[in-house]
Number of protein chains: 2
Amino acid sequence: MMFSDTYRQYLDVFHEALNRFVQNLSCEPPVLKDSMTYSLQLGGKRFRPVLMLAVADLLGVPQKEIVPFALALELVHTYTLIHDDLPAMDNDDFRRGKPSNHKVFGEGNAVLAGDALLNTAYEVLLKECLLGKNQVQATRYFALCAGINGVIGGQSADLLFSAKEDFSEEDLLFIYENKTAKLIKAATVIPAILHGGKYMIEFENFGGLLGNLFQLTDDILDEESTFETLGKSVGKDKEQDKLTAVKLYGLSGCKVRAELMVSECDQLLEGLPFDTSFLHALVDFVKDRKK
Amino acid sequence: MMFSDTYRQYLDVFHEALNRFVQNLSCEPPVLKDSMTYSLQLGGKRFRPVLMLAVADLLGVPQKEIVPFALALELVHTYTLIHDDLPAMDNDDFRRGKPSNHKVFGEGNAVLAGDALLNTAYEVLLKECLLGKNQVQATRYFALCAGINGVIGGQSADLLFSAKEDFSEEDLLFIYENKTAKLIKAATVIPAILHGGKYMIEFENFGGLLGNLFQLTDDILDEESTFETLGKSVGKDKEQDKLTAVKLYGLSGCKVRAELMVSECDQLLEGLPFDTSFLHALVDFVKDRKK
């Protein structure tokens with residue numbers, strides 16, 4: 001099957017779960033649900049849930065076990081985007097070609113929509129997943145990736161270094177690893193935990209590499225792409241003199257690094273006793289993406 | 001034993017857990033831990049954890065089972081205060097007599113400190129509590145109270161009605177129930193769930209009443225107290241023409257209602273086959289408190 005057909009199949013599975021979730025989401029006042037679903041339904045590649053579903057498929061983890069995690073992961077990813085776009089953070093007025101959450105609903109509601117998505121991720125997991133030891137361990141891993149030693153620590157460092165004049169490669173790698181790679185690790189490691197843990201280290205390494213590649217290509221796109229293609233402000237990192245890979249390694253240096261990371265990903269996948277052809281193609285997709 | 005001695009005993013148990021938590025809290029960059037612990041250590045009555053420990057004691061739930069929930073509850077309560085104080089929400093510069101989190105660390109860091117406390121509450125519960133069926137059910141109840149049909153829905157309604165000219169008693173009761181009473185219900189219901197569920201309904205009713213009384217006395221204090229006593233801005237509700245019980249029922253109407261709620265609490269407690277003398281005194285403490 002073509003890569004794009006397989007991607008579409010996983011996307012359909014995820015969208016079915018997302019639509020069911022949105023339909024059953026019931027709360028007052030209406031603005032709370034509206035602001036949550038606005039950002040959830042802005043689209044995007046749904047890269048994290050697709051990756052998670054693909055790894056689960058590879059390992060034979062049943063869809064009904066992995067789907068709540070894929071949903072919770074997208075809820076957390078969406079909340080981080082809402083809070084990161086706030087004026088006090090990255091101050092972005094656009095996301096996926098549409099006005100950011102706070103531009104539509106106001107800052108107060110945007111803060112609450114983010115809080116709500118984060119808490120609801122745990123409601124989803126606690127409602128559907130905590131049946132056995134592996135599920136509990138997977139939920140713990142999820143919480144770690146979403147937490148202060150994960151995406152929150154990464155965003156905190158990003159905020160701190162944005163205000164500083166000097167920074168090191170170490171600082172950059174810390175932000176990459178935590179702000180971006182941790183949630184992508186969650187997508188690859190949680191299926192491995194549910195599978196029993198045998199390939200956990202391999203998928204942790206793979207998720208880490210892929211996550212770093214994802215952020216590297218993000219920095220390249222901020223330099224090379226347009227608002228029309230990307231759906232969000234471009235060139236802002238440079239304008240704000242922000243710590244990015246492009247600033248540190250230069251554009252061509254970044255591209256060489258990206259190729260190296262693709263090779264490392266491929267090598268890792270070749271060591272696994274599974275048909276990893278879709279994951280190989282997904283790595284290329286991350287490297288070659290235009291948005 | 002005197003009420004204040006027993007209160008102090010529970011407070012000591014909670015503070016020991018909080019101090020251990022803060023000592024073991026490890027993350028980068030340092031500002032993230034600093035902003036989290038700043039608000040956690042501002043003090044306050046610790047009413048929710050003390051109430052939770054007292055109900056657990058009454059029901060014979062071991063302290064090591066309830067303490068992680070008491071800690072998680074205070075983490076969530078603290079995050080809601082940080083986010084509520086933001087300029088886009090209630091815009092409060094002071095909390096417990098000290099500058100609010102965003103006045104010390106800036107708005108971006110305050111948003112992240114709140115996110116971090118919320119996520120860490122789940123990390124605490126997932127690390128320490130999910131051993132059996134009752135623990136899972138208690139954690140689910142916790143998530144519901146903290147969620148969109150709990151404190152987040154209440155704050156969203158509060159934000160909405162603050163911007164409206166007209167509101168009804170129903171609106172006010174919705175805000176009271178969700179913004180304030182749900183976390184106080186968590187304090188009374190979670191011990192009952194851990195105990196096996198037999199007295200869950202009684203403690204849900206008691207927590208709901210006590211939570212509503214707590215918010216009613218808050219509104220009275222905003223009218224009658226001073227900044228020096230309360231440690232936060234007073235008279236602001238009136239100034240902003242905000243929906244409060246005082247606006248709806250008048251000051252003396254509120255006081256009559258408070259007395260009625262105390263009687264209802266007492267009646268509920270008298271129906272329980274336990275020594276509820278501390279809880280009786282705790283109800284009076286809520287009614288008579290000066291801050």
# chains A, B, ... in the order shown; residues from 1 in each chain; ligands from 1
$ interface_residues --of "chain B" --to "chain A" --cutoff "8 Å" --atoms "only C-alpha atoms" --output "JSON, numbers by chain"
{"B": [27, 28, 29, 31, 32, 83, 88, 89, 107, 108, 109, 111, 112, 115, 116, 118, 119, 120, 122, 123, 126, 127, 130, 136, 139, 140, 143, 144, 146, 147, 148, 149, 152, 153, 156, 157, 159]}
$ write_last_selection --atoms "N, CA and C atoms" --output "short mmCIF file (atom, residue, chain, number, x, y, z; two decimals), in the first residue's frame"
data_model
loop_
_atom_site.label_atom_id
_atom_site.label_comp_id
_atom_site.auth_asym_id
_atom_site.auth_seq_id
_atom_site.Cartn_x
_atom_site.Cartn_y
_atom_site.Cartn_z
N CYS B 27 13.60 19.65 38.46
CA CYS B 27 13.37 19.97 37.05
C CYS B 27 14.24 21.15 36.63
N GLU B 28 14.35 21.31 35.33
CA GLU B 28 15.06 22.44 34.73
C GLU B 28 14.08 23.20 33.87
N PRO B 29 14.25 24.50 33.66
CA PRO B 29 15.18 25.39 34.35
C PRO B 29 14.70 25.71 35.77
N VAL B 31 13.73 28.27 37.30
CA VAL B 31 12.56 29.14 37.45
C VAL B 31 11.26 28.34 37.50
N LEU B 32 11.24 27.19 36.88
CA LEU B 32 10.01 26.38 36.87
C LEU B 32 9.71 25.85 38.27
N HIS B 83 -3.67 30.63 37.97
CA HIS B 83 -4.31 30.99 36.70
C HIS B 83 -5.45 32.00 36.90
N ALA B 88 -5.66 38.31 32.55
CA ALA B 88 -6.77 37.98 31.65
C ALA B 88 -7.94 37.34 32.38
N MET B 89 -7.74 36.97 33.65
CA MET B 89 -8.82 36.38 34.45
C MET B 89 -9.26 37.41 35.50
N GLU B 107 3.94 36.66 33.40
CA GLU B 107 2.74 35.90 33.01
C GLU B 107 3.05 34.56 32.37
N GLY B 108 4.06 34.54 31.51
CA GLY B 108 4.40 33.28 30.82
C GLY B 108 4.77 32.19 31.83
N ASN B 109 5.65 32.55 32.76
CA ASN B 109 6.04 31.57 33.78
C ASN B 109 4.87 31.19 34.69
N VAL B 111 1.68 30.99 33.80
CA VAL B 111 0.87 30.02 33.06
C VAL B 111 1.51 28.63 33.17
N LEU B 112 2.83 28.59 32.95
CA LEU B 112 3.54 27.30 33.01
C LEU B 112 3.56 26.70 34.41
N ASP B 115 0.21 25.06 34.80
CA ASP B 115 0.20 23.82 34.01
C ASP B 115 0.99 22.73 34.73
N ALA B 116 2.15 23.13 35.24
CA ALA B 116 3.06 22.18 35.88
C ALA B 116 2.45 21.59 37.14
N LEU B 118 -0.75 21.29 37.83
CA LEU B 118 -1.85 20.40 37.44
C LEU B 118 -1.31 19.05 36.98
N ASN B 119 -0.34 19.08 36.08
CA ASN B 119 0.20 17.81 35.57
C ASN B 119 0.88 17.01 36.67
N THR B 120 1.59 17.72 37.55
CA THR B 120 2.31 17.04 38.63
C THR B 120 1.35 16.37 39.61
N TYR B 122 -1.23 14.73 38.80
CA TYR B 122 -1.46 13.39 38.23
C TYR B 122 -0.22 12.51 38.33
N GLU B 123 0.95 13.12 38.20
CA GLU B 123 2.17 12.33 38.37
C GLU B 123 2.23 11.75 39.79
N LEU B 126 -0.43 8.95 40.03
CA LEU B 126 -0.08 7.76 39.24
C LEU B 126 1.11 7.03 39.84
N LYS B 127 1.97 7.79 40.52
CA LYS B 127 3.15 7.18 41.11
C LYS B 127 2.80 6.41 42.37
N LEU B 130 -2.15 4.11 42.35
CA LEU B 130 -3.02 3.25 41.55
C LEU B 130 -2.78 1.78 41.77
N VAL B 136 -8.23 3.62 41.87
CA VAL B 136 -8.52 4.08 40.50
C VAL B 136 -9.80 4.91 40.51
N THR B 139 -9.13 8.30 41.96
CA THR B 139 -8.39 9.16 41.04
C THR B 139 -9.31 9.69 39.94
N ARG B 140 -10.24 8.85 39.47
CA ARG B 140 -11.24 9.32 38.50
C ARG B 140 -12.09 10.44 39.08
N ALA B 143 -10.18 13.61 39.11
CA ALA B 143 -10.08 14.23 37.78
C ALA B 143 -11.39 14.92 37.38
N LEU B 144 -12.51 14.31 37.74
CA LEU B 144 -13.80 14.94 37.44
C LEU B 144 -13.94 16.28 38.16
N ALA B 146 -11.61 18.23 39.21
CA ALA B 146 -10.65 19.20 38.70
C ALA B 146 -10.96 19.63 37.28
N GLY B 147 -11.94 19.00 36.64
CA GLY B 147 -12.11 19.14 35.19
C GLY B 147 -13.16 20.12 34.72
N ILE B 148 -13.59 19.91 33.49
CA ILE B 148 -14.53 20.83 32.85
C ILE B 148 -15.91 20.78 33.51
N ASN B 149 -16.25 19.66 34.14
CA ASN B 149 -17.50 19.62 34.90
C ASN B 149 -17.23 19.86 36.38
N ILE B 152 -12.83 23.85 36.43
CA ILE B 152 -12.56 24.61 35.20
C ILE B 152 -13.87 25.18 34.62
N GLY B 153 -14.93 24.37 34.65
CA GLY B 153 -16.25 24.87 34.22
C GLY B 153 -16.70 26.04 35.08
N SER B 156 -14.73 29.11 34.16
CA SER B 156 -15.17 29.58 32.84
C SER B 156 -16.48 30.36 32.96
N ALA B 157 -17.40 29.85 33.78
CA ALA B 157 -18.68 30.56 34.00
C ALA B 157 -18.45 31.88 34.73
N LEU B 159 -15.82 33.76 34.61
CA LEU B 159 -15.26 34.68 33.61
C LEU B 159 -16.36 35.23 32.70
#
$ atom_distance --atom1 "atom CA of Asp12 of chain A" --atom2 "atom CA of Lys98 of chain A"
22.7 Å
$ residues_around --residues "segment 228-238 of chain B" --least-positions-apart "3" --cutoff "6 Å" --atoms "only C-alpha atoms" --output "ChimeraX atom specification"
/B:94-97,222-223,241-242,291
$ calpha_fit_and_write --fixed "chain A" --moving "chain B" --output "compact mmCIF listing (two decimals) with C-alpha atoms, in the first residue's frame"
# COMPACT_ATOMS: atom_id res chain seq x y z
CA MET B 1 0.01 -0.02 0.00
CA MET B 2 1.14 3.54 -0.69
CA PHE B 3 2.47 5.54 2.27
CA SER B 4 -0.26 8.15 1.91
CA ASP B 5 -3.00 5.48 1.93
CA THR B 6 -1.69 3.95 5.14
CA TYR B 7 -1.30 7.41 6.69
CA ARG B 8 -4.91 8.12 5.72
CA GLN B 9 -6.09 4.86 7.33
CA TYR B 10 -4.53 5.77 10.68
CA LEU B 11 -5.84 9.29 10.31
CA ASP B 12 -9.37 7.93 9.81
CA VAL B 13 -9.10 5.82 12.96
CA PHE B 14 -7.93 8.85 14.93
CA HIS B 15 -10.56 11.19 13.50
CA GLU B 16 -13.33 8.74 14.31
CA ALA B 17 -12.17 8.71 17.95
CA LEU B 18 -11.79 12.49 18.00
CA ASN B 19 -15.25 13.05 16.55
CA ARG B 20 -16.81 10.68 19.06
CA PHE B 21 -14.95 12.49 21.84
CA VAL B 22 -16.14 15.91 20.67
CA GLN B 23 -19.74 14.69 20.31
CA ASN B 24 -19.77 13.33 23.84
CA LEU B 25 -18.01 16.33 25.36
CA SER B 26 -20.54 17.96 27.62
CA CYS B 27 -19.88 20.99 29.78
CA GLU B 28 -21.09 24.45 30.71
CA PRO B 29 -20.74 27.25 29.73
CA PRO B 30 -20.76 26.57 25.94
CA VAL B 31 -17.68 28.78 25.39
CA LEU B 32 -15.58 26.20 27.23
CA LYS B 33 -16.44 23.40 24.82
CA ASP B 34 -16.27 25.78 21.86
CA SER B 35 -12.76 26.96 22.70
CA MET B 36 -11.51 23.41 23.34
CA THR B 37 -12.95 22.03 20.11
CA TYR B 38 -11.92 25.05 18.02
CA SER B 39 -8.25 24.21 18.53
CA LEU B 40 -8.76 20.44 18.43
CA GLN B 41 -10.46 20.73 15.05
CA LEU B 42 -8.03 23.17 13.40
CA GLY B 43 -6.62 20.13 11.65
CA GLY B 44 -2.92 19.62 11.31
CA LYS B 45 -1.04 16.48 10.36
CA ARG B 46 -2.05 14.56 13.53
CA PHE B 47 1.50 13.29 13.39
CA ARG B 48 1.70 12.08 17.01
CA PRO B 49 -1.49 9.97 17.01
CA VAL B 50 -0.71 8.55 13.56
CA LEU B 51 2.79 7.58 14.73
CA MET B 52 1.36 6.01 17.88
CA LEU B 53 -1.25 4.01 15.98
CA ALA B 54 1.41 2.82 13.52
CA VAL B 55 3.79 1.63 16.25
CA ALA B 56 0.90 -0.11 18.05
CA ASP B 57 -0.08 -1.84 14.81
CA LEU B 58 3.49 -2.99 14.25
CA LEU B 59 3.59 -4.51 17.73
CA GLY B 60 0.14 -6.05 17.57
CA VAL B 61 -1.33 -3.82 20.29
CA PRO B 62 -5.12 -3.77 19.73
CA GLN B 63 -6.54 -0.50 18.44
CA LYS B 64 -9.03 -0.18 21.28
CA GLU B 65 -6.13 -0.20 23.75
CA ILE B 66 -4.08 2.46 21.98
CA VAL B 67 -6.82 4.82 20.75
CA PRO B 68 -7.47 6.48 24.17
CA PHE B 69 -3.74 7.22 24.45
CA ALA B 70 -3.65 8.64 20.91
CA LEU B 71 -6.58 10.88 21.79
CA ALA B 72 -5.05 11.97 25.12
CA LEU B 73 -1.76 12.72 23.37
CA GLU B 74 -3.44 15.00 20.84
CA LEU B 75 -5.37 16.73 23.66
CA VAL B 76 -2.09 17.48 25.45
CA HIS B 77 -0.33 18.56 22.24
CA THR B 78 -3.24 20.91 21.47
CA TYR B 79 -3.21 22.45 24.96
CA THR B 80 0.53 23.16 24.66
CA LEU B 81 -0.07 24.97 21.34
CA ILE B 82 -2.83 27.12 22.87
CA HIS B 83 -0.71 28.14 25.86
CA ASP B 84 2.46 28.60 23.76
CA ASP B 85 0.62 30.97 21.41
CA LEU B 86 -0.43 33.29 24.29
CA PRO B 87 0.94 36.84 24.20
CA ALA B 88 2.98 36.16 27.37
CA MET B 89 4.66 33.20 25.64
CA ASP B 90 5.38 33.10 21.89
CA ASN B 91 2.66 35.64 21.06
CA ASP B 92 1.46 34.00 17.87
CA ASP B 93 -1.75 35.29 16.26
CA PHE B 94 -2.09 32.42 13.84
CA ARG B 95 -2.06 28.64 14.04
CA ARG B 96 -2.72 26.35 11.09
CA GLY B 97 -3.79 29.33 8.99
CA LYS B 98 -6.52 30.38 11.42
CA PRO B 99 -6.51 32.88 14.31
CA SER B 100 -5.00 31.42 17.50
CA ASN B 101 -7.32 30.39 20.30
CA HIS B 102 -6.81 33.60 22.32
CA LYS B 103 -7.49 35.76 19.24
CA VAL B 104 -10.92 34.13 18.93
CA PHE B 105 -11.93 33.52 22.55
CA GLY B 106 -9.75 35.97 24.49
CA GLU B 107 -6.79 35.20 26.72
CA GLY B 108 -8.75 34.11 29.79
CA ASN B 109 -10.74 31.54 27.84
CA ALA B 110 -7.59 30.36 26.04
CA VAL B 111 -5.84 29.69 29.36
CA LEU B 112 -8.90 27.73 30.51
CA ALA B 113 -9.22 25.83 27.21
CA GLY B 114 -5.61 24.68 27.65
CA ASP B 115 -6.17 23.69 31.29
CA ALA B 116 -9.33 21.86 30.23
CA LEU B 117 -7.62 19.88 27.46
CA LEU B 118 -4.81 18.84 29.81
CA ASN B 119 -7.16 17.70 32.56
CA THR B 120 -9.48 15.99 30.08
CA ALA B 121 -6.56 13.94 28.74
CA TYR B 122 -6.31 12.36 32.19
CA GLU B 123 -10.06 11.92 32.40
CA VAL B 124 -9.92 9.99 29.10
CA LEU B 125 -7.05 7.78 30.30
CA LEU B 126 -8.57 7.15 33.74
CA LYS B 127 -11.92 6.31 32.20
CA GLU B 128 -10.74 3.95 29.54
CA CYS B 129 -7.28 2.65 30.25
CA LEU B 130 -6.45 1.70 33.78
CA LEU B 131 -7.20 -1.96 33.71
CA GLY B 132 -3.82 -3.62 34.12
CA LYS B 133 -0.20 -3.11 35.12
CA ASN B 134 0.92 -2.18 31.60
CA GLN B 135 -1.82 0.42 31.25
CA VAL B 136 -0.86 2.04 34.55
CA GLN B 137 2.81 2.12 33.52
CA ALA B 138 1.86 3.60 30.13
CA THR B 139 -0.22 6.31 31.81
CA ARG B 140 2.71 7.13 34.11
CA TYR B 141 5.01 7.46 31.11
CA PHE B 142 2.44 9.71 29.47
CA ALA B 143 2.35 11.97 32.54
CA LEU B 144 6.15 12.17 32.67
CA CYS B 145 6.36 13.22 29.00
CA ALA B 146 3.65 15.86 29.53
CA GLY B 147 5.21 17.13 32.75
CA ILE B 148 7.94 19.29 34.19
CA ASN B 149 10.62 16.86 33.00
CA GLY B 150 8.98 16.86 29.59
CA VAL B 151 7.07 19.36 27.51
CA ILE B 152 6.50 21.89 30.34
CA GLY B 153 10.22 21.99 31.23
CA GLY B 154 11.01 22.42 27.53
CA GLN B 155 8.63 25.34 27.14
CA SER B 156 9.93 26.93 30.34
CA ALA B 157 13.50 26.73 28.99
CA ASP B 158 12.36 28.09 25.63
CA LEU B 159 10.78 31.07 27.39
CA LEU B 160 13.89 31.62 29.47
CA PHE B 161 16.35 31.45 26.60
CA SER B 162 14.19 33.65 24.39
CA ALA B 163 14.93 36.43 26.86
CA LYS B 164 18.69 35.73 27.04
CA GLU B 165 21.38 36.97 24.70
CA ASP B 166 23.70 34.01 24.85
CA PHE B 167 22.93 30.33 24.80
CA SER B 168 24.76 27.12 24.13
CA GLU B 169 24.20 24.03 22.03
CA GLU B 170 23.35 22.26 25.29
CA ASP B 171 20.47 24.71 25.89
CA LEU B 172 19.15 24.10 22.40
CA LEU B 173 19.32 20.33 22.76
CA PHE B 174 17.51 20.54 26.11
CA ILE B 175 14.65 22.47 24.52
CA TYR B 176 14.45 20.12 21.51
CA GLU B 177 14.46 17.04 23.69
CA ASN B 178 11.84 18.27 26.14
CA LYS B 179 9.59 20.66 24.25
CA THR B 180 9.27 18.49 21.15
CA ALA B 181 10.81 15.03 21.44
CA LYS B 182 9.17 13.96 24.71
CA LEU B 183 5.61 13.87 23.31
CA ILE B 184 6.89 12.08 20.19
CA LYS B 185 8.63 9.58 22.48
CA ALA B 186 5.28 9.09 24.21
CA ALA B 187 3.86 8.14 20.79
CA THR B 188 6.49 5.44 20.23
CA VAL B 189 7.11 4.21 23.79
CA ILE B 190 3.52 3.82 25.05
CA PRO B 191 2.68 1.14 22.45
CA ALA B 192 5.91 -0.64 23.44
CA ILE B 193 4.88 -0.55 27.13
CA LEU B 194 1.41 -1.88 26.29
CA HIS B 195 3.10 -4.62 24.25
CA GLY B 196 4.90 -5.73 27.42
CA GLY B 197 8.04 -3.60 27.39
CA LYS B 198 10.40 -5.82 25.34
CA TYR B 199 11.17 -3.15 22.72
CA MET B 200 10.80 -0.14 24.99
CA ILE B 201 14.43 1.04 24.75
CA GLU B 202 14.52 0.73 20.97
CA PHE B 203 11.32 2.74 20.62
CA GLU B 204 12.51 5.31 23.14
CA ASN B 205 15.65 5.86 21.06
CA PHE B 206 13.65 5.97 17.84
CA GLY B 207 11.10 8.43 19.28
CA GLY B 208 13.88 10.65 20.61
CA LEU B 209 15.64 10.78 17.25
CA LEU B 210 12.45 11.32 15.31
CA GLY B 211 11.34 14.06 17.73
CA ASN B 212 14.63 15.89 17.34
CA LEU B 213 14.38 15.55 13.56
CA PHE B 214 10.85 16.93 13.74
CA GLN B 215 11.99 20.04 15.60
CA LEU B 216 15.02 20.49 13.31
CA THR B 217 12.78 20.51 10.24
CA ASP B 218 10.46 22.92 12.06
CA ASP B 219 13.35 25.36 12.45
CA ILE B 220 14.28 24.93 8.78
CA LEU B 221 10.67 25.57 7.71
CA ASP B 222 10.51 28.72 9.85
CA GLU B 223 13.44 29.95 7.74
CA GLU B 224 12.42 28.67 4.30
CA SER B 225 8.63 28.42 4.17
CA THR B 226 5.86 30.96 3.76
CA PHE B 227 2.85 31.88 5.89
CA GLU B 228 0.55 30.50 3.17
CA THR B 229 2.16 27.05 3.26
CA LEU B 230 2.83 26.83 6.99
CA GLY B 231 -0.33 28.49 8.30
CA LYS B 232 1.62 30.30 11.01
CA SER B 233 4.04 33.19 11.22
CA VAL B 234 7.44 32.52 9.62
CA GLY B 235 10.82 34.14 10.08
CA LYS B 236 9.78 35.07 13.60
CA ASP B 237 12.55 33.10 15.27
CA LYS B 238 15.13 35.06 13.29
CA GLU B 239 13.36 38.35 13.87
CA GLN B 240 13.30 37.72 17.62
CA ASP B 241 16.89 36.45 17.45
CA LYS B 242 15.62 33.26 19.04
CA LEU B 243 17.72 30.23 19.85
CA THR B 244 17.19 27.84 16.93
CA ALA B 245 19.22 25.19 15.15
CA VAL B 246 19.45 27.45 12.10
CA LYS B 247 21.10 30.15 14.18
CA LEU B 248 23.51 27.63 15.68
CA TYR B 249 24.40 25.43 12.71
CA GLY B 250 23.32 27.51 9.69
CA LEU B 251 20.74 26.36 7.17
CA SER B 252 22.99 23.92 5.30
CA GLY B 253 24.42 22.62 8.58
CA CYS B 254 20.85 21.83 9.66
CA LYS B 255 20.14 19.97 6.45
CA VAL B 256 23.26 17.81 6.82
CA ARG B 257 22.22 17.04 10.40
CA ALA B 258 18.71 16.12 9.25
CA GLU B 259 20.12 13.63 6.73
CA LEU B 260 22.31 12.10 9.43
CA MET B 261 19.34 11.73 11.76
CA VAL B 262 17.32 10.05 9.02
CA SER B 263 20.15 7.50 8.59
CA GLU B 264 20.23 6.88 12.33
CA CYS B 265 16.46 6.37 12.39
CA ASP B 266 16.69 3.95 9.47
CA GLN B 267 19.46 1.99 11.18
CA LEU B 268 17.44 1.72 14.36
CA LEU B 269 14.39 0.50 12.48
CA GLU B 270 16.42 -2.08 10.56
CA GLY B 271 17.46 -3.64 13.87
CA LEU B 272 13.82 -4.45 14.69
CA PRO B 273 12.22 -7.81 13.77
CA PHE B 274 9.15 -6.18 12.24
CA ASP B 275 8.01 -4.81 8.89
CA THR B 276 9.01 -1.19 9.49
CA SER B 277 8.44 0.08 5.95
CA PHE B 278 5.73 2.54 7.02
CA LEU B 279 7.94 3.93 9.79
CA HIS B 280 10.84 4.35 7.33
CA ALA B 281 8.51 6.33 5.08
CA LEU B 282 7.26 8.32 8.06
CA VAL B 283 10.84 9.39 8.84
CA ASP B 284 11.23 10.66 5.25
CA PHE B 285 7.85 12.37 5.57
CA VAL B 286 9.10 14.28 8.64
CA LYS B 287 12.28 15.31 6.83
CA ASP B 288 10.64 16.32 3.55
CA ARG B 289 7.44 17.88 4.89
CA LYS B 290 6.53 21.38 3.73
CA LYS B 291 4.44 22.18 6.81
$ select_by_dssp --residues "segment 38-260 of chain B" --states "helix (DSSP H, G or I)" --output "PyMOL selection string"
chain B and resi 38-40+47-59+63-85+101-105+107-128+133-146+151-162+169-194+200-224+227-230+236-239+245-249+251-260
$ select_by_dssp --residues "segment 35-234 of chain B" --states "strand (DSSP E)" --output "PyMOL selection string"
chain B and resi 94-95+98-99
